[in-house]
file input_37.tsv (TSV, C-alpha atoms)
chain	number	residue	atom	x	y	z
A	1446	MET	CA	6.84	8.77	-28.80
A	1447	ASP	CA	7.36	6.07	-26.21
A	1448	ILE	CA	9.58	7.46	-23.48
A	1449	PHE	CA	10.45	3.91	-22.47
A	1450	ALA	CA	11.88	3.05	-25.89
A	1451	PRO	CA	15.50	3.21	-24.65
A	1452	LEU	CA	14.67	0.46	-22.14
A	1453	GLN	CA	13.47	-1.73	-25.02
A	1454	TRP	CA	16.73	-1.10	-26.90
A	1455	LEU	CA	18.66	-2.00	-23.79
A	1456	ALA	CA	16.64	-5.19	-23.26
A	1457	ASP	CA	17.05	-6.16	-26.94
A	1458	TRP	CA	20.77	-5.50	-26.88
A	1459	LEU	CA	21.26	-7.51	-23.66
A	1460	ILE	CA	19.31	-10.50	-24.94
A	1461	TYR	CA	20.33	-10.74	-28.58
A	1462	SER	CA	23.89	-9.41	-28.39
A	1463	ALA	CA	25.19	-9.86	-24.85
A	1464	PHE	CA	23.46	-13.15	-23.95
A	1465	SER	CA	23.09	-14.20	-27.62
A	1466	ILE	CA	19.68	-15.79	-27.15
A	1467	GLN	CA	18.07	-16.46	-30.52
A	1468	SER	CA	15.30	-13.96	-31.22
A	1469	GLY	CA	11.75	-15.26	-31.66
A	1470	THR	CA	12.16	-18.18	-29.24
A	1471	GLN	CA	9.97	-18.59	-26.16
A	1472	LEU	CA	13.00	-18.05	-23.95
A	1473	ALA	CA	13.88	-14.80	-25.72
A	1474	ASP	CA	10.30	-13.55	-25.33
A	1475	SER	CA	10.29	-14.35	-21.61
A	1476	VAL	CA	13.67	-12.84	-20.87
A	1477	ASN	CA	12.87	-9.77	-22.92
A	1478	PHE	CA	9.61	-9.23	-21.02
A	1479	PHE	CA	11.44	-9.73	-17.73
A	1480	ILE	CA	14.24	-7.26	-18.39
A	1481	TYR	CA	12.11	-4.59	-20.04
A	1482	ASP	CA	9.29	-4.79	-17.48
A	1483	SER	CA	11.54	-4.88	-14.41
A	1484	LEU	CA	13.43	-1.80	-15.56
A	1485	LYS	CA	10.30	0.08	-16.53
A	1486	ILE	CA	8.50	-0.76	-13.29
A	1487	LEU	CA	11.56	0.15	-11.27
A	1488	LEU	CA	11.78	3.60	-12.86
A	1489	LEU	CA	8.05	4.23	-12.47
A	1490	LEU	CA	8.17	3.16	-8.83
A	1491	ILE	CA	11.11	5.32	-7.85
A	1492	PHE	CA	9.33	8.26	-9.44
A	1493	ILE	CA	5.99	7.62	-7.71
A	1494	ASN	CA	7.58	6.78	-4.37
A	1495	TYR	CA	9.38	10.11	-4.44
A	1496	ILE	CA	6.11	11.92	-5.09
A	1497	MET	CA	4.46	9.89	-2.32
A	1498	ALA	CA	7.21	10.71	0.15
A	1499	ILE	CA	6.37	14.38	-0.43
A	1500	ALA	CA	2.63	13.65	-0.09
A	1501	ARG	CA	3.17	11.74	3.15
A	1502	HIS	CA	5.22	14.58	4.52
A	1503	TYR	CA	2.56	17.22	3.94
A	1504	LEU	CA	-0.52	15.05	4.36
A	1505	PRO	CA	-0.01	12.40	7.03
A	1506	VAL	CA	-3.06	10.39	8.09
A	1507	GLU	CA	-3.14	12.32	11.38
A	1508	LYS	CA	-3.81	15.52	9.44
A	1509	ILE	CA	-6.51	13.78	7.45
A	1510	ARG	CA	-8.19	12.80	10.70
A	1511	ALA	CA	-8.01	16.40	11.90
A	1512	PHE	CA	-9.57	17.53	8.63
A	1513	LEU	CA	-12.39	14.98	8.83
A	1514	THR	CA	-13.26	16.03	12.37
A	1515	SER	CA	-12.94	19.77	11.69
A	1516	ARG	CA	-16.62	20.18	10.78
A	1517	LYS	CA	-19.81	18.30	9.94
A	1518	TRP	CA	-19.65	16.80	6.47
A	1519	TYR	CA	-23.20	15.51	5.92
A	1520	GLY	CA	-22.15	12.36	4.06
A	1521	ALA	CA	-19.38	13.99	2.00
A	1522	ASP	CA	-16.99	12.46	4.51
A	1523	TYR	CA	-17.44	9.04	2.85
A	1524	LEU	CA	-16.13	10.38	-0.44
A	1525	LEU	CA	-13.39	12.33	1.36
A	1526	ALA	CA	-12.29	9.24	3.27
A	1527	ALA	CA	-12.23	7.19	0.05
A	1528	THR	CA	-10.19	9.91	-1.66
A	1529	PHE	CA	-7.73	10.09	1.21
A	1530	GLY	CA	-7.61	6.30	1.25
A	1531	ALA	CA	-6.64	6.34	-2.41
A	1532	ILE	CA	-3.80	8.82	-1.99
A	1533	THR	CA	-2.47	7.70	1.37
A	1534	PRO	CA	-0.14	4.73	1.37
A	1535	PHE	CA	-1.23	2.39	4.08
A	1536	CYS	CA	0.48	-0.54	5.71
A	1537	SER	CA	-1.58	-3.28	7.32
A	1538	CYS	CA	0.76	-2.77	10.27
A	1539	SER	CA	-1.09	0.45	10.99
A	1540	SER	CA	-4.61	-0.99	10.76
A	1541	ILE	CA	-5.15	-1.09	14.51
A	1542	PRO	CA	-3.79	2.35	15.47
A	1543	PHE	CA	-5.69	3.71	12.51
A	1544	PHE	CA	-8.95	2.17	13.70
A	1545	VAL	CA	-8.49	3.29	17.28
A	1546	GLY	CA	-7.42	6.76	16.18
A	1547	PHE	CA	-10.44	7.26	13.92
A	1548	LEU	CA	-12.98	5.87	16.41
A	1549	GLY	CA	-11.47	7.86	19.27
A	1550	ALA	CA	-11.81	11.04	17.26
A	1551	GLY	CA	-15.51	10.35	16.79
A	1552	ILE	CA	-15.32	9.61	13.07
A	1553	PRO	CA	-18.28	7.38	12.08
A	1554	ILE	CA	-17.52	3.70	11.60
A	1555	GLY	CA	-18.79	3.80	7.99
A	1556	VAL	CA	-16.33	6.56	7.08
A	1557	THR	CA	-13.55	4.58	8.74
A	1558	PHE	CA	-14.44	1.59	6.56
A	1559	SER	CA	-14.50	3.75	3.40
A	1560	PHE	CA	-10.89	4.65	4.10
A	1561	LEU	CA	-9.95	1.10	5.06
A	1562	ILE	CA	-11.43	-0.41	1.88
A	1563	THR	CA	-9.98	2.11	-0.57
A	1564	SER	CA	-6.51	2.33	0.89
A	1565	PRO	CA	-5.04	-1.01	-0.23
A	1566	LEU	CA	-7.26	-1.24	-3.30
A	1567	VAL	CA	-6.39	2.04	-4.96
A	1568	ASN	CA	-2.74	2.24	-4.36
A	1569	GLU	CA	-0.54	4.92	-5.89
A	1570	ALA	CA	2.08	2.41	-6.98
A	1571	ALA	CA	-0.54	0.28	-8.73
A	1572	VAL	CA	-1.99	3.38	-10.35
A	1573	ILE	CA	1.28	4.53	-11.88
A	1574	LEU	CA	2.07	1.01	-13.07
A	1575	LEU	CA	-1.37	0.57	-14.62
A	1576	ALA	CA	-1.02	3.94	-16.32
A	1577	GLY	CA	2.41	2.96	-17.64
A	1578	LEU	CA	1.26	-0.45	-18.88
A	1579	PHE	CA	-2.43	0.01	-19.82
A	1580	GLY	CA	-2.94	3.72	-20.43
A	1581	TRP	CA	-4.81	6.42	-18.57
A	1582	LYS	CA	-8.38	5.60	-19.51
A	1583	LEU	CA	-8.37	2.20	-17.92
A	1584	THR	CA	-6.40	3.48	-14.94
A	1585	LEU	CA	-8.91	6.22	-14.27
A	1586	THR	CA	-11.76	3.71	-14.49
A	1587	TYR	CA	-9.92	1.54	-11.99
A	1588	VAL	CA	-9.41	4.42	-9.55
A	1589	VAL	CA	-13.03	5.54	-9.76
A	1590	SER	CA	-14.28	1.95	-9.30
A	1591	GLY	CA	-12.05	1.38	-6.29
A	1592	MET	CA	-13.28	4.56	-4.67
A	1593	ALA	CA	-16.87	3.60	-5.46
A	1594	ILE	CA	-16.39	0.29	-3.62
A	1595	GLY	CA	-15.01	2.32	-0.72
A	1596	VAL	CA	-17.91	4.78	-0.57
A	1597	ILE	CA	-20.66	2.19	-1.08
A	1598	GLY	CA	-19.00	-0.36	1.20
A	1599	GLY	CA	-18.58	2.26	3.92
A	1600	THR	CA	-22.21	3.33	3.59
A	1601	VAL	CA	-23.42	-0.26	3.87
A	1602	LEU	CA	-21.24	-0.89	6.93
A	1603	SER	CA	-22.23	2.39	8.61
A	1604	ARG	CA	-25.23	0.64	10.18
A	1605	VAL	CA	-22.97	-1.50	12.32
A	1606	ASN	CA	-23.45	-1.30	16.08
A	1607	VAL	CA	-19.99	-0.20	17.22
A	1608	GLN	CA	-20.47	-1.15	20.89
A	1609	LYS	CA	-21.45	-4.67	19.90
A	1610	HIS	CA	-19.06	-5.45	17.06
A	1611	ILE	CA	-15.86	-3.61	17.93
A	1612	ASN	CA	-13.54	-5.25	20.43
A	1613	LYS	CA	-13.83	-3.83	23.96
A	1614	ASP	CA	-10.07	-3.29	24.31
A	1615	ILE	CA	-10.11	-1.20	21.15
A	1616	LEU	CA	-12.99	0.90	22.46
A	1617	ASP	CA	-11.13	1.40	25.74
A	1618	LEU	CA	-7.96	2.40	23.92
A	1619	SER	CA	-9.87	4.87	21.79
A	1620	LYS	CA	-10.53	6.87	24.97
A	1621	ASN	CA	-6.79	7.62	25.11
A	1622	VAL	CA	-6.83	9.42	21.81
A	1623	ASN	CA	-5.15	12.74	22.25
A	1624	LEU	CA	-6.43	15.00	19.53
A	1625	GLY	CA	-4.38	18.01	18.59
A	1626	ASN	CA	-1.16	16.46	19.81
A	1627	GLU	CA	-0.01	15.40	16.34
A	1628	PRO	CA	3.63	16.13	15.63
A	1629	ALA	CA	3.95	19.34	13.61
A	1630	ILE	CA	4.82	19.08	9.94
A	1631	GLN	CA	8.43	20.00	9.41
A	1632	LYS	CA	8.83	23.24	7.41
A	1633	PHE	CA	10.39	22.91	4.00
A	1634	ASN	CA	14.15	22.99	3.83
A	1635	ARG	CA	16.63	21.72	1.27
A	1636	GLY	CA	17.54	18.71	3.39
A	1637	LEU	CA	14.04	17.37	2.80
A	1638	TRP	CA	14.81	16.60	-0.86
A	1639	LEU	CA	17.36	14.12	0.37
A	1640	THR	CA	15.10	12.73	3.10
A	1641	TRP	CA	12.34	12.10	0.54
A	1642	TRP	CA	14.80	10.51	-1.81
A	1643	ARG	CA	15.94	8.12	0.94
A	1644	GLU	CA	12.36	7.27	1.80
A	1645	ALA	CA	11.56	6.64	-1.88
A	1646	TYR	CA	14.65	4.43	-2.10
A	1647	GLU	CA	13.72	2.44	1.03
A	1648	PHE	CA	10.13	1.93	-0.14
A	1649	THR	CA	11.18	0.88	-3.62
A	1650	LYS	CA	13.78	-1.50	-2.21
A	1651	LYS	CA	11.15	-3.13	-0.05
A	1652	LEU	CA	8.90	-3.66	-3.07
A	1653	MET	CA	11.67	-5.24	-5.16
A	1654	PRO	CA	10.98	-8.88	-4.22
A	1655	TYR	CA	7.29	-8.44	-5.14
A	1656	ILE	CA	8.23	-6.85	-8.45
A	1657	LEU	CA	10.79	-9.50	-9.38
A	1658	ILE	CA	8.45	-12.39	-8.52
A	1659	GLY	CA	5.52	-10.67	-10.25
A	1660	VAL	CA	7.47	-9.85	-13.38
A	1661	GLY	CA	9.05	-13.32	-13.29
A	1662	LEU	CA	5.64	-15.02	-13.29
A	1663	GLY	CA	4.44	-12.55	-15.90
A	1664	ALA	CA	7.45	-13.39	-18.06
A	1665	VAL	CA	6.75	-17.13	-17.83
A	1666	ILE	CA	3.12	-16.59	-18.84
A	1667	HIS	CA	4.24	-14.25	-21.58
A	1668	GLY	CA	6.77	-16.59	-23.15
A	1669	PHE	CA	5.45	-20.07	-22.45
A	1670	VAL	CA	1.66	-20.01	-22.22
A	1671	PRO	CA	0.17	-20.57	-25.69
A	1672	GLN	CA	-1.73	-17.65	-27.18
A	1673	ASN	CA	-5.13	-19.38	-27.05
A	1674	PHE	CA	-4.61	-21.21	-23.74
A	1675	PHE	CA	-6.84	-18.98	-21.61
A	1676	GLU	CA	-9.45	-18.67	-24.31
A	1677	ALA	CA	-9.62	-22.46	-24.55
A	1678	THR	CA	-9.79	-23.01	-20.78
A	1679	LEU	CA	-11.83	-19.97	-19.82
A	1680	GLY	CA	-14.38	-20.48	-22.59
A	1681	SER	CA	-13.98	-17.07	-24.24
A	1682	ASN	CA	-14.33	-15.20	-21.00
A	1683	ALA	CA	-17.63	-16.68	-19.90
A	1684	TRP	CA	-19.60	-14.94	-17.12
A	1685	TRP	CA	-18.28	-17.22	-14.39
A	1686	THR	CA	-14.65	-16.25	-15.01
A	1687	VAL	CA	-15.00	-13.09	-12.87
A	1688	PRO	CA	-16.10	-14.80	-9.61
A	1689	VAL	CA	-13.62	-17.63	-10.25
A	1690	ALA	CA	-10.79	-15.09	-10.66
A	1691	VAL	CA	-11.80	-13.55	-7.32
A	1692	ILE	CA	-11.96	-16.92	-5.54
A	1693	VAL	CA	-8.57	-17.96	-6.92
A	1694	ALA	CA	-7.00	-14.62	-5.98
A	1695	ALA	CA	-8.41	-14.26	-2.47
A	1696	PRO	CA	-5.93	-16.58	-0.68
A	1697	LEU	CA	-3.01	-15.12	-2.63
A	1698	TYR	CA	-1.25	-12.30	-0.90
A	1699	SER	CA	0.78	-9.74	-2.69
A	1700	ASN	CA	1.39	-6.09	-2.96
A	1701	ALA	CA	-0.43	-4.50	-5.92
A	1702	VAL	CA	2.94	-3.92	-7.52
A	1703	GLY	CA	3.56	-7.65	-7.73
A	1704	VAL	CA	0.24	-8.42	-9.42
A	1705	VAL	CA	0.27	-5.78	-12.14
A	1706	PRO	CA	2.86	-7.56	-14.35
A	1707	ILE	CA	0.91	-10.82	-14.03
A	1708	VAL	CA	-2.29	-9.03	-14.99
A	1709	GLN	CA	-0.50	-7.49	-17.94
A	1710	ALA	CA	0.55	-10.95	-19.13
A	1711	PHE	CA	-3.02	-12.24	-18.64
A	1712	VAL	CA	-4.45	-9.46	-20.77
A	1713	ALA	CA	-1.81	-10.00	-23.46
A	1714	LYS	CA	-2.90	-13.66	-23.63
A	1715	GLY	CA	-6.54	-12.79	-24.15
A	1716	VAL	CA	-8.04	-12.85	-20.65
A	1717	ALA	CA	-10.75	-10.17	-20.47
A	1718	ILE	CA	-9.80	-6.89	-18.78
A	1719	GLY	CA	-12.51	-7.11	-16.12
A	1720	THR	CA	-11.57	-10.67	-15.20
A	1721	SER	CA	-7.88	-9.74	-14.97
A	1722	PHE	CA	-8.61	-6.66	-12.89
A	1723	ALA	CA	-10.93	-8.60	-10.58
A	1724	PHE	CA	-8.02	-10.98	-10.03
A	1725	MET	CA	-5.75	-8.08	-9.16
A	1726	MET	CA	-8.20	-6.32	-6.87
A	1727	ALA	CA	-8.97	-9.54	-5.00
A	1728	THR	CA	-5.29	-10.34	-4.49
A	1729	VAL	CA	-4.67	-6.89	-3.05
A	1730	GLY	CA	-7.96	-6.15	-1.32
A	1731	LEU	CA	-8.74	-9.52	0.26
A	1732	SER	CA	-5.76	-10.64	2.23
A	1733	LEU	CA	-5.47	-13.16	5.01
A	1734	PRO	CA	-2.80	-11.26	7.02
A	1735	GLU	CA	-5.05	-8.19	6.96
A	1736	ALA	CA	-8.01	-10.32	8.11
A	1737	LEU	CA	-5.97	-11.72	11.00
A	1738	ILE	CA	-5.07	-8.22	12.15
A	1739	LEU	CA	-8.61	-6.93	11.80
A	1740	LYS	CA	-9.91	-9.91	13.80
A	1741	LYS	CA	-8.27	-8.24	16.81
A	1742	VAL	CA	-10.40	-5.17	16.20
A	1743	MET	CA	-13.84	-6.48	15.31
A	1744	SER	CA	-16.23	-9.39	15.71
A	1745	LEU	CA	-16.09	-12.25	13.23
A	1746	LYS	CA	-19.51	-11.24	11.96
A	1747	LEU	CA	-18.36	-7.74	11.07
A	1748	LEU	CA	-15.16	-9.07	9.55
A	1749	VAL	CA	-17.15	-11.40	7.29
A	1750	ALA	CA	-19.50	-8.55	6.36
A	1751	TYR	CA	-16.50	-6.34	5.52
A	1752	PHE	CA	-14.89	-8.94	3.28
A	1753	GLY	CA	-18.28	-9.80	1.78
A	1754	VAL	CA	-18.90	-6.19	0.77
A	1755	VAL	CA	-15.44	-5.84	-0.76
A	1756	THR	CA	-15.76	-9.16	-2.64
A	1757	LEU	CA	-19.13	-8.18	-4.05
A	1758	GLY	CA	-17.78	-4.79	-5.13
A	1759	ILE	CA	-14.84	-6.38	-6.93
A	1760	ILE	CA	-17.10	-8.81	-8.79
A	1761	VAL	CA	-19.43	-6.02	-9.90
A	1762	ILE	CA	-16.48	-3.95	-11.15
A	1763	GLY	CA	-15.09	-6.99	-12.97
A	1764	TYR	CA	-18.38	-7.35	-14.87
A	1765	LEU	CA	-18.61	-3.64	-15.64
A	1766	LEU	CA	-15.07	-3.56	-17.01
A	1767	ASN	CA	-15.77	-6.64	-19.13
A	1768	ILE	CA	-18.82	-4.93	-20.59
A	1769	PHE	CA	-17.20	-1.57	-21.31
A	1770	PHE	CA	-13.62	-2.47	-22.31
B	900	MET	CA	18.80	10.51	26.31
B	901	LYS	CA	15.66	8.44	26.12
B	902	ILE	CA	14.75	6.68	22.89
B	903	GLU	CA	11.37	5.05	22.43
B	904	VAL	CA	10.45	2.59	19.70
B	905	ILE	CA	6.68	2.41	19.74
B	906	GLY	CA	4.59	-0.06	17.81
B	907	THR	CA	1.74	-2.51	17.66
B	908	GLY	CA	4.10	-5.48	17.75
B	909	CYS	CA	4.12	-5.95	13.97
B	910	PRO	CA	7.21	-7.23	12.09
B	911	THR	CA	8.10	-3.69	10.97
B	912	CYS	CA	8.09	-2.54	14.60
B	913	LYS	CA	10.46	-5.31	15.67
B	914	GLN	CA	12.66	-4.49	12.72
B	915	LEU	CA	12.77	-0.82	13.70
B	916	TYR	CA	13.71	-1.76	17.24
B	917	ALA	CA	16.55	-3.98	16.04
B	918	LEU	CA	17.83	-1.25	13.72
B	919	THR	CA	17.62	1.37	16.47
B	920	LEU	CA	19.69	-0.81	18.80
B	921	ARG	CA	22.37	-1.08	16.12
B	922	ALA	CA	22.25	2.64	15.35
B	923	ALA	CA	22.71	3.49	19.04
B	924	GLU	CA	25.57	1.02	19.24
B	925	ARG	CA	27.32	2.77	16.33
B	926	ILE	CA	26.89	6.15	17.96
B	927	GLY	CA	28.33	4.70	21.13
B	928	LYS	CA	26.45	7.20	23.24
B	929	GLU	CA	24.76	6.23	26.49
B	930	ALA	CA	21.09	5.97	25.61
B	931	LYS	CA	18.15	4.24	27.15
B	932	ILE	CA	16.21	2.45	24.44
B	933	GLU	CA	12.73	1.35	25.27
B	934	TYR	CA	10.59	-0.91	23.11
B	935	ILE	CA	6.90	-0.29	23.75
B	936	ALA	CA	4.59	-2.72	21.96
B	937	GLU	CA	1.17	-4.37	21.96
B	938	GLN	CA	-1.42	-2.71	24.25
B	939	ALA	CA	1.12	-0.36	25.88
B	940	GLY	CA	2.45	0.62	22.46
B	941	MET	CA	-1.05	1.38	21.23
B	942	LYS	CA	-1.71	3.53	24.27
B	943	ARG	CA	1.49	5.46	23.74
B	944	LEU	CA	0.75	5.97	20.03
B	945	MET	CA	-2.64	7.44	20.90
B	946	GLU	CA	-1.09	9.73	23.53
B	947	LEU	CA	1.33	11.03	20.93
B	948	GLY	CA	-1.56	11.64	18.52
B	949	LEU	CA	-0.25	9.08	16.04
B	950	MET	CA	-2.12	6.60	13.87
B	951	ARG	CA	0.72	4.88	12.13
B	952	SER	CA	3.05	2.24	13.41
B	953	PRO	CA	5.94	2.03	14.21
B	954	ALA	CA	7.19	5.31	15.61
B	955	LEU	CA	10.54	6.50	16.93
B	956	ALA	CA	10.66	9.17	19.63
B	957	VAL	CA	13.72	10.83	21.12
B	958	ASP	CA	13.21	12.43	24.53
B	959	GLY	CA	9.46	12.35	24.04
B	960	LYS	CA	9.63	14.01	20.62
B	961	VAL	CA	8.43	11.98	17.63
B	962	VAL	CA	11.11	11.94	14.94
B	963	LEU	CA	9.91	9.17	12.63
B	964	VAL	CA	6.59	7.48	11.89
B	965	GLY	CA	5.34	4.69	9.69
B	966	TYR	CA	8.34	2.94	8.17
B	967	GLU	CA	11.77	1.58	8.97
B	968	PRO	CA	14.63	3.53	7.42
B	969	SER	CA	18.31	2.71	7.09
B	970	ILE	CA	20.53	2.56	10.17
B	971	ASP	CA	22.29	5.76	9.06
B	972	LYS	CA	19.03	7.65	8.94
B	973	ILE	CA	18.15	6.46	12.46
B	974	LYS	CA	21.59	7.60	13.60
B	975	ASP	CA	20.97	11.06	12.17
B	976	LEU	CA	17.54	11.19	13.78
B	977	ILE	CA	18.88	10.23	17.18
B	978	LEU	CA	21.64	12.81	16.90
B	979	GLY	CA	19.08	15.44	15.91
B	980	LYS	CA	20.68	16.09	12.52
B	981	GLU	CA	17.33	16.10	10.71

call {"tool": "encode", "arguments": {"input": "input_37.tsv", "output": "C-alpha cells"}}
result
Amino acid sequence: MDIFAPLQWLADWLIYSAFSIQSGTQLADSVNFFIYDSLKILLLLIFINYIMAIARHYLPVEKIRAFLTSRKWYGADYLLAATFGAITPFCSCSSIPFFVGFLGAGIPIGVTFSFLITSPLVNEAAVILLAGLFGWKLTLTYVVSGMAIGVIGGTVLSRVNVQKHINKDILDLSKNVNLGNEPAIQKFNRGLWLTWWREAYEFTKKLMPYILIGVGLGAVIHGFVPQNFFEATLGSNAWWTVPVAVIVAAPLYSNAVGVVPIVQAFVAKGVAIGTSFAFMMATVGLSLPEALILKKVMSLKLLVAYFGVVTLGIIVIGYLLNIFF
Amino acid sequence: MKIEVIGTGCPTCKQLYALTLRAAERIGKEAKIEYIAEQAGMKRLMELGLMRSPALAVDGKVVLVGYEPSIDKIKDLILGKE
C-alpha cells in the first residue's frame, strides 16, 4: 500500500473539486504534480531533517575528525571519510574551517578530499527523496556510486603536494588547530526532542524555496512537455547525452532537494536514468559558489584537478546507470 | 556577559550576527556582542576545536554551531536555558 495515497486524494480533491480544473488537461496534470509532490517532499524532508538533527547532535564533524585521527587506518580512512561525508550534512560555508581543521589534525589530503567530494553529492535529503520517488534499489546504487567517486577521487588526489598547492594562510591557520578542545556532546534530556524539532523545522524552512522552484519546474515539464520530446531531441538517449547533461548542469546551482523533482519529471518523460542522475549529480556536486570558496584554500591547478575528477566520476556513473537500469 | 559570533564571513555568519543582535535587544540585558570573522574568525574556530561555521559562544562556551536558528532559540541560548 502506498502510504502517500492520502496526499494524492487531497491533491485530486483540491484540483477537481475546490479549484474545479478539468481533469485530463495539461494544466490539471501540472497542478496535480505540483501539489502532490510538494506535500510529499515536505513530509519526507521534515522526517529526514529530524533524524539528521539527532545524527548531528551525536556525530558532529569534530567527533569524526577525532575518530579519524584516533589510530592508523591503512587506507580504510578513505572509505570512512566517504561514509562520514555521506551521512554528515555539510554547508559550503564550512568548507574552509573544515579544510583547516582536517589538515591541522594531520589527516591526509586525499582523505580530506574523499569527505569533501561525497558530502554534497550523497546528501541525506536527496537520498530520502530518491527513495520516496524512485525506490530503494536505485537509491542504494546512487549512494554507493557517490561514495565510490569520493573514495577513488580522494585516492587520485592524495598525491598532491600539500605545501605547494594549499594556500599558505590556510597552512598557517592549521597550526592553530586545538585538538581535544571540541565542545562536549550534551547528554540526552527531554528538552532535546524539542531542540531537534526546531532544528528540523529551520532546515526544512530553508530548503522550501529550492523545493518549490524544483517542483514548479518539474510540474511544467510534467504537464507541458510532450511525451516524446526528449526522445526526439536526445536521439533515444544516445551516448553523448550523459556528458551533455553534465555540461548543462555544471553552471546550475541548486540544493539536491531542488533537482530531484526535475529529475523525476525527466525520467517520466523518457530521459534515461543515468543521464538524469548525471544531471542531478553535476548540479549538486559541481557548483560555482563552492569553487569560489575553495579557490581561497587551494591553487587553481588543484581546484581544476578536483573538479575534473568529480566530473569524470559523474560521467562514468551516468553511463553505468544507463547500462544497468 | 560576553557573546561571540564566530564565522568565516559567509552569508550565514552575517545572518547569525544580525539575529544575535536582535535577540540581545529583546532580552534587554547588557551584553557585549563581538563579531569575529575572516582570518580572525577562522583562528578562533580552530582554538575552540570547531570545524563548522558559524558558531555562537557565550562567555567563551560554545552554545551553537553550524546553522542559524530562530531569534527565540538564540535568546534561550544566551540566557542559558538550553

call {"tool": "interface_residues", "arguments": {"input": "input_37.tsv", "of": "chain B", "to": "chain A", "cutoff": "8 Å", "atoms": "only C-alpha atoms", "output": "ChimeraX atom specification"}}
result
/B:907,909,911,941-942,944-953,961,965,968-969,981

call {"tool": "residues_around", "arguments": {"input": "input_37.tsv", "residues": "stretch 1742-1757 of chain A", "least_positions_apart": "2", "cutoff": "8 Å", "atoms": "all atoms listed in the file", "output": "JSON, numbers by chain"}}
result
{"A": [1541, 1544, 1562, 1594, 1598, 1602, 1605, 1610, 1611, 1612, 1615, 1691, 1727, 1730, 1731, 1736, 1738, 1739, 1740, 1759, 1760, 1761]}

call {"tool": "residues_around", "arguments": {"input": "input_37.tsv", "residues": "B:Thr919", "least_positions_apart": "6", "cutoff": "9 Å", "atoms": "only C-alpha atoms", "output": "list of chain:residue names"}}
result
B:Ile902, B:Val904, B:Ile932, B:Leu955, B:Ile970, B:Ile973, B:Lys974, B:Ile977

call {"tool": "residues_near_point", "arguments": {"input": "input_37.tsv", "point": "(13.1, 1.8, 20.9)", "cutoff": "9 Å", "atoms": "all atoms listed in the file", "output": "list in words"}}
result
Lys901, Ile902, Glu903, Val904, Ile905, Leu915, Tyr916, Ala917, Thr919, Leu920, Lys931, Ile932, Glu933, Tyr934, Ile935, Ala954, Leu955 and Ala956 of chain B

call {"tool": "residues_around", "arguments": {"input": "input_37.tsv", "residues": "A:Gly1659", "least_positions_apart": "4", "cutoff": "10 Å", "atoms": "only C-alpha atoms", "output": "CSV table (one decimal) with C-alpha atoms, in the frame of the given file"}}
result
chain,number,residue,atom,x,y,z
A,1479,PHE,CA,11.4,-9.7,-17.7
A,1483,SER,CA,11.5,-4.9,-14.4
A,1653,MET,CA,11.7,-5.2,-5.2
A,1654,PRO,CA,11.0,-8.9,-4.2
A,1655,TYR,CA,7.3,-8.4,-5.1
A,1663,GLY,CA,4.4,-12.6,-15.9
A,1664,ALA,CA,7.4,-13.4,-18.1
A,1699,SER,CA,0.8,-9.7,-2.7
A,1700,ASN,CA,1.4,-6.1,-3.0
A,1701,ALA,CA,-0.4,-4.5,-5.9
A,1702,VAL,CA,2.9,-3.9,-7.5
A,1703,GLY,CA,3.6,-7.6,-7.7
A,1704,VAL,CA,0.2,-8.4,-9.4
A,1705,VAL,CA,0.3,-5.8,-12.1
A,1706,PRO,CA,2.9,-7.6,-14.4
A,1707,ILE,CA,0.9,-10.8,-14.0
A,1708,VAL,CA,-2.3,-9.0,-15.0

call {"tool": "closest_residue", "arguments": {"input": "input_37.tsv", "among": "B:Ala922, B:Ala930, B:Cys912, B:Leu978", "to": "B:Val962", "atoms": "only C-alpha atoms"}}
result
B:Leu978

call {"tool": "atom_distance", "arguments": {"input": "input_37.tsv", "atom1": "atom CA of A:Ala1456", "atom2": "atom CA of A:Ile1493"}}
result
22.8 Å

call {"tool": "axis_aligned_box", "arguments": {"input": "input_37.tsv", "around": "stretch 907-917 of chain B", "padding_each_side": "3 Å", "output": "AutoDock Vina command-line options"}}
result
--center_x 9.1 --center_y -4.0 --center_z 14.4 --size_x 20.8 --size_y 12.4 --size_z 12.8

call {"tool": "atom_distance", "arguments": {"input": "input_37.tsv", "atom1": "atom CA of A:Lys1650", "atom2": "atom CA of A:Ile1491"}}
result
9.2 Å

call {"tool": "closest_residue", "arguments": {"input": "input_37.tsv", "among": "A:Thr1720, A:Tyr1698, A:Leu1766, A:Ile1630", "to": "B:Leu963", "atoms": "all atoms listed in the file"}}
result
A:Ile1630

call {"tool": "closest_residue", "arguments": {"input": "input_37.tsv", "among": "A:Ala1571, A:Ala1710, A:Leu1455, A:Leu1524", "to": "A:Val1665", "atoms": "only C-alpha atoms"}}
result
A:Ala1710

call {"tool": "atom_distance", "arguments": {"input": "input_37.tsv", "atom1": "atom CA of A:Ile1532", "atom2": "atom CA of B:Gln938"}}
result
28.8 Å

call {"tool": "residues_near_point", "arguments": {"input": "input_37.tsv", "point": "(-19.7, 9.0, 0.0)", "cutoff": "6 Å", "atoms": "all atoms listed in the file", "output": "count of residues only"}}
result
5

call {"tool": "closest_residue", "arguments": {"input": "input_37.tsv", "among": "B:Gln914, B:Ala923, B:Gly906, B:Val964", "to": "B:Ala939", "atoms": "only C-alpha atoms"}}
result
B:Gly906

call {"tool": "closest_residue", "arguments": {"input": "input_37.tsv", "among": "A:Ile1448, A:Ala1645, A:Ile1509, A:Val1476", "to": "A:Phe1492", "atoms": "all atoms listed in the file"}}
result
A:Ala1645
